[in-house]
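**Q** One structure, as structure tokens, below. Some questions next.
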Amino acid sequence: MLIRSQQHTAVLLNSPEIGGYPAPQKLKPRFGNAALASTLFRALEANPIADLLFIDILGLNVPRITLGRTWKERLDTAVSEMTNTSATIFGTLAIAPAAHWLAQKISGVPLQTLNREVSAVAGKLTPQVQLARLASALAFMMPFAAMPGANPSLRNWITLKKHKVSSFDNLIGLDKNQNAKRSYEAELHRQMNRFIGINVAGVGLALAAAVGIGLWARHTSLKQLSPVMKWITQTFDLQGSKANQIGGLPAFLFWSAPAYVGWLYASRGRNESCEWMLKFANSTIWFFCFGKLVRRLFTNSFNQVLQKAGTVAKPFTNSPSYTDIAQHFTGSLRSKLDHLKTIQYGTGLLISTFMMGVTPQLLNIYFTNRRHNKEMAMRTRFEKFMLQNKASVSPSGEVPKPHPMAFLTAKNNSATHLTNPTRAVQFKQVGMRPQAFYQ
């Protein structure tokens, strides 16, 4: 399955159905920076895999890796980002064709009605074909959702194997002595079991969906699907000329959400969990809110260009692709639409880079340092308080009545000397180190 990065999908728009425009005419070649950008973006739009690699690697992966706080974190992030991008390519080239073949064998529907976009088989969309296409879609959405959910555990395994580090605070240089309480071998075993288990679950769900819905398609006698099933088959239907792309709600449910849930599940401490929650919230807001706003703004801009040109063409319901513009417009109007399309494409790249790759990472660095500094200040006050209490205990064991919140209110000056020797005696009796309070 091929899915562009969620941020790119949220901004760069799908092509509308356009008709009734003049025959296309070729434009003379243009030169300059704008023409170079237009040529690059046009080539990327025509090749979805290249477009995916360009946006994900340059717009997301590189900024996140570059902004790492230590070389260990940069390598850890590189593994995390590259495994997810590789999973997307693998899904496109391998899982999608396998899912089409499996659904065809079980449902008995011709393969030509499954491995192409729905508009190419519109006249053959019987209930049997619709159910078979749903079986095919779920057969690869399930393992595709499992891969980004499992990859963070593989990242943890690789980082632990290479650097002997299992703590996020250690990884980013905040606490170089902190690591997991489990033994090295036990933690390695735990992370690899997670990785394998999640992927096996994804494959199992894919087989269950293909067999269950495929057999329903083979034996159905329905002449029309119910409204609910029709909505499900239309919403989760595959896109693209080879039926190996998804977008919209399925992209969120079967790519974005599993990836962030996987990162949260594999978090190696409170700070890493907080960082991934911020990234998840940021991505979700852009996906459902700001992405729609940007799409609407560009669609209006395209329609304004048509209005100023005085053309009788129908208004756009969505922004056109470079191919649509070349097929239906000529002359100066085509040049203006091409220029606007280049601006739109560039805007999508900038949003992916700065709003999804750079800004969340900078915010996380700030908030994590702030949390760490507060924790260290409290730890310092507590340890100083314990030392003061230990020195104040008399040989007879008589101690003054303690203040219940003394260690929280104690400051780093000699004028304040609140004591809690009872707690100090308790620590001394059980042989507990003060640092154990924070573990």
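Just remember, in the structure tokens the first chain shown is A, the second B, etc., residues are 1-based per chain, and ligands are 1-based in the order shown.
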Residues at most 9 Å from A:Pro360, counting only C-alpha atoms, excluding those fewer than 6 positions away in the same chain, as an NGL selection string?

**A** :A and (275 or 278-279 or 282 or 354)

**Q** Which residues are near stretch 246-258 of chain A? Cut-off 6 Å, only C-alpha atoms, ignore same chain within fewer than 6 positions. Put them as a compact mmCIF listing (two decimals) with N, CA, C and O atoms, in the first residue's frame.

**A**
# COMPACT_ATOMS: atom_id res chain seq x y z
N ILE A 3 0.89 5.17 0.89
CA ILE A 3 0.22 6.31 1.52
C ILE A 3 1.25 7.39 1.70
O ILE A 3 2.31 7.15 2.23
N ALA A 145 -0.98 -1.48 9.11
CA ALA A 145 -1.13 -0.79 10.39
C ALA A 145 -0.24 -1.41 11.46
O ALA A 145 0.25 -0.72 12.36
N GLY A 149 3.20 0.11 14.03
CA GLY A 149 2.99 -0.11 15.45
C GLY A 149 4.06 -0.97 16.09
O GLY A 149 4.34 -0.85 17.28
N LEU A 238 -9.72 1.27 -2.05
CA LEU A 238 -8.34 1.64 -2.39
C LEU A 238 -8.31 2.64 -3.53
O LEU A 238 -9.17 2.62 -4.41
N GLN A 239 -7.30 3.50 -3.51
CA GLN A 239 -7.15 4.54 -4.52
C GLN A 239 -5.92 4.27 -5.36
O GLN A 239 -5.12 3.40 -5.06

**Q** Grab the atom CA of A:Met378 to atom CA of A:Tyr366 distance for me, in Å with one decimal place.

**A** 18.7 Å

**Q** Just asking: which residues within stretch 123-323 of chain A are alpha helix (DSSP H) according to DSSP, as a ChimeraX atom specification?

**A** /A:127-163,168-171,184-219,227-235,249-251,257-265,270-285,291-309,322-323

**Q** Compile the contact shell of A:Gly240 as a ChimeraX atom specification: residues with an atom at most 8 Å away, counting only C-alpha atoms, same-chain residues fewer than 4 positions apart removed.

**A** /A:116-117,244-245

**Q** Export, as a compact mmCIF listing (two decimals), in the first residue's frame, the selected residues with all heavy atoms.

**A**
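out.txt written:
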# COMPACT_ATOMS: atom_id res chain seq x y z
N ARG A 116 -7.24 -2.17 -9.52
CA ARG A 116 -7.28 -0.86 -10.15
C ARG A 116 -8.27 0.02 -9.42
O ARG A 116 -9.10 -0.48 -8.65
CB ARG A 116 -7.63 -0.97 -11.64
CG ARG A 116 -8.98 -1.60 -11.92
CD ARG A 116 -9.14 -1.91 -13.39
NE ARG A 116 -8.17 -2.90 -13.84
CZ ARG A 116 -7.99 -3.25 -15.11
NH1 ARG A 116 -8.72 -2.65 -16.05
NH2 ARG A 116 -7.12 -4.18 -15.44
N GLU A 117 -8.19 1.33 -9.64
CA GLU A 117 -9.07 2.23 -8.90
C GLU A 117 -10.53 2.02 -9.27
O GLU A 117 -10.84 1.50 -10.34
CB GLU A 117 -8.66 3.68 -9.12
CG GLU A 117 -8.70 4.15 -10.56
CD GLU A 117 -8.17 5.57 -10.70
OE1 GLU A 117 -8.12 6.26 -9.67
OE2 GLU A 117 -7.80 5.96 -11.80
N ASN A 244 -3.40 0.83 -4.76
CA ASN A 244 -2.42 0.62 -3.70
C ASN A 244 -2.17 1.89 -2.90
O ASN A 244 -1.11 2.07 -2.32
CB ASN A 244 -1.11 0.10 -4.27
CG ASN A 244 -0.50 1.06 -5.28
OD1 ASN A 244 -1.08 2.09 -5.61
ND2 ASN A 244 0.67 0.71 -5.77
N GLN A 245 -3.17 2.78 -2.85
CA GLN A 245 -3.05 4.02 -2.09
C GLN A 245 -4.28 4.21 -1.21
O GLN A 245 -5.38 3.76 -1.57
CB GLN A 245 -2.92 5.22 -3.03
CG GLN A 245 -1.76 5.16 -4.00
CD GLN A 245 -1.72 6.34 -4.94
OE1 GLN A 245 -2.12 7.44 -4.57
NE2 GLN A 245 -1.25 6.11 -6.15

**Q** Report the distance between atom CA of A:Pro148 and atom CA of A:Asp76 in Å, rounded to one decimal place.

**A**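 Distance between the two atoms: 15.1 Å.
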
**Q** For atom CA of A:Thr330 and atom CA of A:Ala313, determine how far apart the two atoms are, in Å to one decimal place.

**A**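 Interatomic distance here is 12.5 Å.
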
**Q** Any idea what's packed within 9 Å of A:Leu205, counting only C-alpha atoms, ignoring anything in its chain fewer than 5 positions away? Could you give it as a ChimeraX atom specification?

**A** /A:138-139,142-143,200,210

**Q** I need the residues from that last selection saved to file as a PDB file, in the first residue's frame (with N, CA and C atoms), if you can.

**A**
ATOM      1  N   LEU A 138      -8.880  -4.483   3.392  1.00  0.00           N
ATOM      2  CA  LEU A 138      -8.570  -4.824   4.784  1.00  0.00           C
ATOM      3  C   LEU A 138      -7.432  -5.837   4.884  1.00  0.00           C
ATOM      4  N   ALA A 139      -7.263  -6.655   3.835  1.00  0.00           N
ATOM      5  CA  ALA A 139      -6.204  -7.661   3.863  1.00  0.00           C
ATOM      6  C   ALA A 139      -4.821  -7.036   3.874  1.00  0.00           C
ATOM      7  N   MET A 142      -4.521  -4.120   7.464  1.00  0.00           N
ATOM      8  CA  MET A 142      -4.211  -4.684   8.782  1.00  0.00           C
ATOM      9  C   MET A 142      -2.708  -4.868   8.996  1.00  0.00           C
ATOM     10  N   PRO A 143      -1.997  -5.587   8.115  1.00  0.00           N
ATOM     11  CA  PRO A 143      -0.541  -5.696   8.330  1.00  0.00           C
ATOM     12  C   PRO A 143       0.177  -4.371   8.157  1.00  0.00           C
ATOM     13  N   VAL A 200       2.637 -10.394  13.795  1.00  0.00           N
ATOM     14  CA  VAL A 200       1.859 -11.634  13.648  1.00  0.00           C
ATOM     15  C   VAL A 200       0.367 -11.347  13.817  1.00  0.00           C
ATOM     16  N   ALA A 210      -9.777 -11.213   5.008  1.00  0.00           N
ATOM     17  CA  ALA A 210      -9.824 -11.703   3.624  1.00  0.00           C
ATOM     18  C   ALA A 210     -10.705 -12.932   3.504  1.00  0.00           C
TER      19      ALA A 210
END

**Q** Quick one: of A:Asn193, A:Thr323, A:Thr70, A:Gln234, who's nearest to A:Ile365, counting only C-alpha atoms?

**A**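 Closest to A:Ile365 of all the choices is A:Thr70.
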
**Q** Could you check which of A:Met141, A:Val261, A:Leu387, A:Ala206 is closest to A:Thr88, using only C-alpha atoms?

**A** A:Met141

**Q** Name all residues at most 12 Å from A:Ser167 (count only C-alpha atoms; drop same-chain ones fewer than 6 positions away) and give them as a list in words.

**A**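 Listed by chain and then number, they are Lys72, Glu73, Asp76, Asn156, Trp157, Thr159, Leu160, Gly173, Leu174, Asp175, Lys176, Asn177, Gln178, Asn179, Ala180, Lys181, Arg182, Tyr184, Glu187, Ala266, Ser267, Arg268, Gly269, Arg270, Asn271, Glu272 and Ser273 of chain A.
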
**Q** Just the residues within 10 Å of A:Ser107, please, counting only C-alpha atoms, with nothing from its chain fewer than 2 positions along; format it as a PDB file with all heavy atoms, in the first residue's frame.

**A**
ATOM      1  N   LEU A 102      -5.058 -12.661  -2.912  1.00  0.00           N
ATOM      2  CA  LEU A 102      -5.755 -13.462  -1.907  1.00  0.00           C
ATOM      3  C   LEU A 102      -7.261 -13.231  -1.965  1.00  0.00           C
ATOM      4  O   LEU A 102      -8.053 -14.194  -1.923  1.00  0.00           O
ATOM      5  CB  LEU A 102      -5.221 -13.110  -0.521  1.00  0.00           C
ATOM      6  CG  LEU A 102      -5.827 -13.866   0.671  1.00  0.00           C
ATOM      7  CD1 LEU A 102      -5.546 -15.357   0.558  1.00  0.00           C
ATOM      8  CD2 LEU A 102      -5.276 -13.324   1.989  1.00  0.00           C
ATOM      9  N   ALA A 103      -7.680 -11.966  -2.087  1.00  0.00           N
ATOM     10  CA  ALA A 103      -9.113 -11.675  -2.153  1.00  0.00           C
ATOM     11  C   ALA A 103      -9.735 -12.249  -3.416  1.00  0.00           C
ATOM     12  O   ALA A 103     -10.887 -12.719  -3.402  1.00  0.00           O
ATOM     13  CB  ALA A 103      -9.325 -10.155  -2.108  1.00  0.00           C
ATOM     14  N   GLN A 104      -8.989 -12.264  -4.502  1.00  0.00           N
ATOM     15  CA  GLN A 104      -9.518 -12.829  -5.752  1.00  0.00           C
ATOM     16  C   GLN A 104      -9.719 -14.340  -5.637  1.00  0.00           C
ATOM     17  O   GLN A 104     -10.735 -14.879  -6.083  1.00  0.00           O
ATOM     18  CB  GLN A 104      -8.551 -12.501  -6.899  1.00  0.00           C
ATOM     19  CG  GLN A 104      -9.049 -12.920  -8.276  1.00  0.00           C
ATOM     20  CD  GLN A 104      -8.673 -14.351  -8.634  1.00  0.00           C
ATOM     21  OE1 GLN A 104      -7.613 -14.840  -8.213  1.00  0.00           O
ATOM     22  NE2 GLN A 104      -9.533 -15.023  -9.379  1.00  0.00           N
ATOM     23  N   LYS A 105      -8.764 -15.017  -5.003  1.00  0.00           N
ATOM     24  CA  LYS A 105      -8.869 -16.467  -4.869  1.00  0.00           C
ATOM     25  C   LYS A 105     -10.042 -16.863  -3.970  1.00  0.00           C
ATOM     26  O   LYS A 105     -10.725 -17.858  -4.236  1.00  0.00           O
ATOM     27  CB  LYS A 105      -7.561 -17.018  -4.285  1.00  0.00           C
ATOM     28  CG  LYS A 105      -6.375 -16.936  -5.221  1.00  0.00           C
ATOM     29  CD  LYS A 105      -6.588 -17.779  -6.474  1.00  0.00           C
ATOM     30  CE  LYS A 105      -5.367 -17.732  -7.378  1.00  0.00           C
ATOM     31  NZ  LYS A 105      -5.576 -18.536  -8.620  1.00  0.00           N
ATOM     32  N   VAL A 109     -13.925 -13.193  -7.560  1.00  0.00           N
ATOM     33  CA  VAL A 109     -14.082 -11.993  -8.386  1.00  0.00           C
ATOM     34  C   VAL A 109     -12.845 -11.839  -9.273  1.00  0.00           C
ATOM     35  O   VAL A 109     -11.720 -12.094  -8.821  1.00  0.00           O
ATOM     36  CB  VAL A 109     -14.264 -10.757  -7.477  1.00  0.00           C
ATOM     37  CG1 VAL A 109     -14.180  -9.473  -8.286  1.00  0.00           C
ATOM     38  CG2 VAL A 109     -15.599 -10.836  -6.763  1.00  0.00           C
ATOM     39  N   PRO A 110     -12.983 -11.436 -10.524  1.00  0.00           N
ATOM     40  CA  PRO A 110     -11.815 -11.258 -11.393  1.00  0.00           C
ATOM     41  C   PRO A 110     -10.807 -10.275 -10.801  1.00  0.00           C
ATOM     42  O   PRO A 110     -11.174  -9.267 -10.208  1.00  0.00           O
ATOM     43  CB  PRO A 110     -12.417 -10.719 -12.697  1.00  0.00           C
ATOM     44  CG  PRO A 110     -13.827 -11.203 -12.679  1.00  0.00           C
ATOM     45  CD  PRO A 110     -14.245 -11.209 -11.240  1.00  0.00           C
ATOM     46  N   GLN A 128     -21.117  -8.101  -4.940  1.00  0.00           N
ATOM     47  CA  GLN A 128     -20.031  -9.064  -4.838  1.00  0.00           C
ATOM     48  C   GLN A 128     -18.676  -8.389  -5.049  1.00  0.00           C
ATOM     49  O   GLN A 128     -17.717  -8.634  -4.296  1.00  0.00           O
ATOM     50  CB  GLN A 128     -20.216 -10.176  -5.871  1.00  0.00           C
ATOM     51  CG  GLN A 128     -19.169 -11.275  -5.761  1.00  0.00           C
ATOM     52  CD  GLN A 128     -19.319 -12.331  -6.841  1.00  0.00           C
ATOM     53  OE1 GLN A 128     -19.917 -12.070  -7.893  1.00  0.00           O
ATOM     54  NE2 GLN A 128     -18.793 -13.527  -6.602  1.00  0.00           N
ATOM     55  N   VAL A 129     -18.576  -7.520  -6.038  1.00  0.00           N
ATOM     56  CA  VAL A 129     -17.315  -6.821  -6.303  1.00  0.00           C
ATOM     57  C   VAL A 129     -16.992  -5.843  -5.176  1.00  0.00           C
ATOM     58  O   VAL A 129     -15.837  -5.729  -4.743  1.00  0.00           O
ATOM     59  CB  VAL A 129     -17.393  -6.083  -7.655  1.00  0.00           C
ATOM     60  CG1 VAL A 129     -16.168  -5.190  -7.860  1.00  0.00           C
ATOM     61  CG2 VAL A 129     -17.520  -7.082  -8.796  1.00  0.00           C
ATOM     62  N   LEU A 131     -17.818  -6.060  -2.003  1.00  0.00           N
ATOM     63  CA  LEU A 131     -17.348  -6.810  -0.835  1.00  0.00           C
ATOM     64  C   LEU A 131     -15.948  -7.372  -1.064  1.00  0.00           C
ATOM     65  O   LEU A 131     -15.115  -7.388  -0.152  1.00  0.00           O
ATOM     66  CB  LEU A 131     -18.331  -7.933  -0.513  1.00  0.00           C
ATOM     67  CG  LEU A 131     -19.698  -7.494   0.029  1.00  0.00           C
ATOM     68  CD1 LEU A 131     -20.640  -8.690   0.145  1.00  0.00           C
ATOM     69  CD2 LEU A 131     -19.537  -6.813   1.390  1.00  0.00           C
ATOM     70  N   ALA A 132     -15.674  -7.817  -2.270  1.00  0.00           N
ATOM     71  CA  ALA A 132     -14.344  -8.345  -2.575  1.00  0.00           C
ATOM     72  C   ALA A 132     -13.293  -7.244  -2.484  1.00  0.00           C
ATOM     73  O   ALA A 132     -12.174  -7.480  -2.012  1.00  0.00           O
ATOM     74  CB  ALA A 132     -14.346  -8.980  -3.965  1.00  0.00           C
ATOM     75  N   ARG A 133     -13.630  -6.047  -2.955  1.00  0.00           N
ATOM     76  CA  ARG A 133     -12.686  -4.933  -2.838  1.00  0.00           C
ATOM     77  C   ARG A 133     -12.448  -4.562  -1.372  1.00  0.00           C
ATOM     78  O   ARG A 133     -11.333  -4.199  -0.985  1.00  0.00           O
ATOM     79  CB  ARG A 133     -13.210  -3.727  -3.624  1.00  0.00           C
ATOM     80  CG  ARG A 133     -13.123  -3.890  -5.136  1.00  0.00           C
ATOM     81  CD  ARG A 133     -13.646  -2.649  -5.846  1.00  0.00           C
ATOM     82  NE  ARG A 133     -12.758  -1.512  -5.631  1.00  0.00           N
ATOM     83  CZ  ARG A 133     -11.730  -1.192  -6.412  1.00  0.00           C
ATOM     84  NH1 ARG A 133     -11.428  -1.950  -7.463  1.00  0.00           N
ATOM     85  NH2 ARG A 133     -10.983  -0.140  -6.154  1.00  0.00           N
ATOM     86  N   ALA A 135     -12.612  -6.734   1.109  1.00  0.00           N
ATOM     87  CA  ALA A 135     -11.748  -7.798   1.626  1.00  0.00           C
ATOM     88  C   ALA A 135     -10.293  -7.550   1.239  1.00  0.00           C
ATOM     89  O   ALA A 135      -9.375  -7.725   2.046  1.00  0.00           O
ATOM     90  CB  ALA A 135     -12.216  -9.152   1.095  1.00  0.00           C
ATOM     91  N   SER A 136     -10.086  -7.115   0.002  1.00  0.00           N
ATOM     92  CA  SER A 136      -8.732  -6.826  -0.469  1.00  0.00           C
ATOM     93  C   SER A 136      -8.118  -5.659   0.306  1.00  0.00           C
ATOM     94  O   SER A 136      -6.943  -5.703   0.690  1.00  0.00           O
ATOM     95  CB  SER A 136      -8.766  -6.510  -1.965  1.00  0.00           C
ATOM     96  OG  SER A 136      -7.496  -6.144  -2.435  1.00  0.00           O
ATOM     97  N   ALA A 210      -9.777 -11.213   5.008  1.00  0.00           N
ATOM     98  CA  ALA A 210      -9.824 -11.703   3.624  1.00  0.00           C
ATOM     99  C   ALA A 210     -10.705 -12.932   3.504  1.00  0.00           C
ATOM    100  O   ALA A 210     -11.521 -13.040   2.569  1.00  0.00           O
ATOM    101  CB  ALA A 210      -8.408 -12.011   3.139  1.00  0.00           C
ATOM    102  N   VAL A 211     -10.568 -13.859   4.441  1.00  0.00           N
ATOM    103  CA  VAL A 211     -11.367 -15.088   4.371  1.00  0.00           C
ATOM    104  C   VAL A 211     -12.834 -14.799   4.682  1.00  0.00           C
ATOM    105  O   VAL A 211     -13.747 -15.230   3.948  1.00  0.00           O
ATOM    106  CB  VAL A 211     -10.810 -16.141   5.348  1.00  0.00           C
ATOM    107  CG1 VAL A 211     -11.751 -17.355   5.429  1.00  0.00           C
ATOM    108  CG2 VAL A 211      -9.418 -16.578   4.904  1.00  0.00           C
ATOM    109  N   GLY A 212     -13.094 -14.052   5.764  1.00  0.00           N
ATOM    110  CA  GLY A 212     -14.482 -13.799   6.153  1.00  0.00           C
ATOM    111  C   GLY A 212     -15.249 -12.998   5.131  1.00  0.00           C
ATOM    112  O   GLY A 212     -16.331 -13.417   4.666  1.00  0.00           O
ATOM    113  N   ILE A 213     -14.732 -11.835   4.741  1.00  0.00           N
ATOM    114  CA  ILE A 213     -15.447 -10.984   3.788  1.00  0.00           C
ATOM    115  C   ILE A 213     -15.375 -11.575   2.377  1.00  0.00           C
ATOM    116  O   ILE A 213     -16.318 -11.438   1.584  1.00  0.00           O
ATOM    117  CB  ILE A 213     -14.880  -9.553   3.827  1.00  0.00           C
ATOM    118  CG1 ILE A 213     -14.988  -8.994   5.238  1.00  0.00           C
ATOM    119  CG2 ILE A 213     -15.616  -8.655   2.847  1.00  0.00           C
ATOM    120  CD1 ILE A 213     -14.405  -7.602   5.412  1.00  0.00           C
ATOM    121  N   GLY A 214     -14.269 -12.256   2.056  1.00  0.00           N
ATOM    122  CA  GLY A 214     -14.156 -12.891   0.740  1.00  0.00           C
ATOM    123  C   GLY A 214     -15.190 -13.984   0.540  1.00  0.00           C
ATOM    124  O   GLY A 214     -15.811 -14.088  -0.532  1.00  0.00           O
ATOM    125  N   LEU A 215     -15.406 -14.817   1.558  1.00  0.00           N
ATOM    126  CA  LEU A 215     -16.442 -15.852   1.459  1.00  0.00           C
ATOM    127  C   LEU A 215     -17.830 -15.238   1.410  1.00  0.00           C
ATOM    128  O   LEU A 215     -18.736 -15.762   0.730  1.00  0.00           O
ATOM    129  CB  LEU A 215     -16.322 -16.811   2.646  1.00  0.00           C
ATOM    130  CG  LEU A 215     -15.089 -17.722   2.657  1.00  0.00           C
ATOM    131  CD1 LEU A 215     -15.042 -18.550   3.934  1.00  0.00           C
ATOM    132  CD2 LEU A 215     -15.095 -18.633   1.422  1.00  0.00           C
ATOM    133  N   TRP A 216     -18.034 -14.152   2.135  1.00  0.00           N
ATOM    134  CA  TRP A 216     -19.316 -13.442   2.052  1.00  0.00           C
ATOM    135  C   TRP A 216     -19.546 -12.952   0.623  1.00  0.00           C
ATOM    136  O   TRP A 216     -20.654 -13.086   0.085  1.00  0.00           O
ATOM    137  CB  TRP A 216     -19.294 -12.270   3.031  1.00  0.00           C
ATOM    138  CG  TRP A 216     -20.583 -11.492   3.105  1.00  0.00           C
ATOM    139  CD1 TRP A 216     -21.812 -11.850   2.599  1.00  0.00           C
ATOM    140  CD2 TRP A 216     -20.772 -10.216   3.722  1.00  0.00           C
ATOM    141  NE1 TRP A 216     -22.747 -10.891   2.867  1.00  0.00           N
ATOM    142  CE2 TRP A 216     -22.144  -9.872   3.556  1.00  0.00           C
ATOM    143  CE3 TRP A 216     -19.926  -9.354   4.407  1.00  0.00           C
ATOM    144  CZ2 TRP A 216     -22.662  -8.677   4.039  1.00  0.00           C
ATOM    145  CZ3 TRP A 216     -20.452  -8.175   4.897  1.00  0.00           C
ATOM    146  CH2 TRP A 216     -21.800  -7.833   4.707  1.00  0.00           C
ATOM    147  N   ALA A 217     -18.512 -12.416  -0.002  1.00  0.00           N
ATOM    148  CA  ALA A 217     -18.652 -11.953  -1.381  1.00  0.00           C
ATOM    149  C   ALA A 217     -18.944 -13.109  -2.331  1.00  0.00           C
ATOM    150  O   ALA A 217     -19.755 -12.973  -3.269  1.00  0.00           O
ATOM    151  CB  ALA A 217     -17.377 -11.228  -1.815  1.00  0.00           C
ATOM    152  N   ARG A 218     -18.311 -14.252  -2.137  1.00  0.00           N
ATOM    153  CA  ARG A 218     -18.505 -15.400  -3.031  1.00  0.00           C
ATOM    154  C   ARG A 218     -19.932 -15.942  -2.958  1.00  0.00           C
ATOM    155  O   ARG A 218     -20.515 -16.345  -3.989  1.00  0.00           O
ATOM    156  CB  ARG A 218     -17.507 -16.503  -2.681  1.00  0.00           C
ATOM    157  CG  ARG A 218     -17.676 -17.781  -3.481  1.00  0.00           C
ATOM    158  CD  ARG A 218     -16.679 -18.830  -3.048  1.00  0.00           C
ATOM    159  NE  ARG A 218     -15.350 -18.542  -3.537  1.00  0.00           N
ATOM    160  CZ  ARG A 218     -14.881 -18.928  -4.730  1.00  0.00           C
ATOM    161  NH1 ARG A 218     -15.666 -19.620  -5.559  1.00  0.00           N
ATOM    162  NH2 ARG A 218     -13.658 -18.629  -5.088  1.00  0.00           N
ATOM    163  N   HIS A 219     -20.518 -15.950  -1.774  1.00  0.00           N
ATOM    164  CA  HIS A 219     -21.819 -16.606  -1.590  1.00  0.00           C
ATOM    165  C   HIS A 219     -22.982 -15.618  -1.433  1.00  0.00           C
ATOM    166  O   HIS A 219     -24.106 -16.044  -1.165  1.00  0.00           O
ATOM    167  CB  HIS A 219     -21.771 -17.518  -0.364  1.00  0.00           C
ATOM    168  CG  HIS A 219     -20.761 -18.614  -0.478  1.00  0.00           C
ATOM    169  ND1 HIS A 219     -20.882 -19.665  -1.367  1.00  0.00           N
ATOM    170  CD2 HIS A 219     -19.578 -18.813   0.181  1.00  0.00           C
ATOM    171  CE1 HIS A 219     -19.842 -20.484  -1.241  1.00  0.00           C
ATOM    172  NE2 HIS A 219     -19.028 -19.979  -0.308  1.00  0.00           N
ATOM    173  N   THR A 220     -22.737 -14.328  -1.596  1.00  0.00           N
ATOM    174  CA  THR A 220     -23.809 -13.364  -1.388  1.00  0.00           C
ATOM    175  C   THR A 220     -24.827 -13.416  -2.519  1.00  0.00           C
ATOM    176  O   THR A 220     -24.495 -13.683  -3.681  1.00  0.00           O
ATOM    177  CB  THR A 220     -23.238 -11.932  -1.276  1.00  0.00           C
ATOM    178  OG1 THR A 220     -24.299 -11.059  -0.924  1.00  0.00           O
ATOM    179  CG2 THR A 220     -22.648 -11.467  -2.610  1.00  0.00           C
TER     180      THR A 220
END
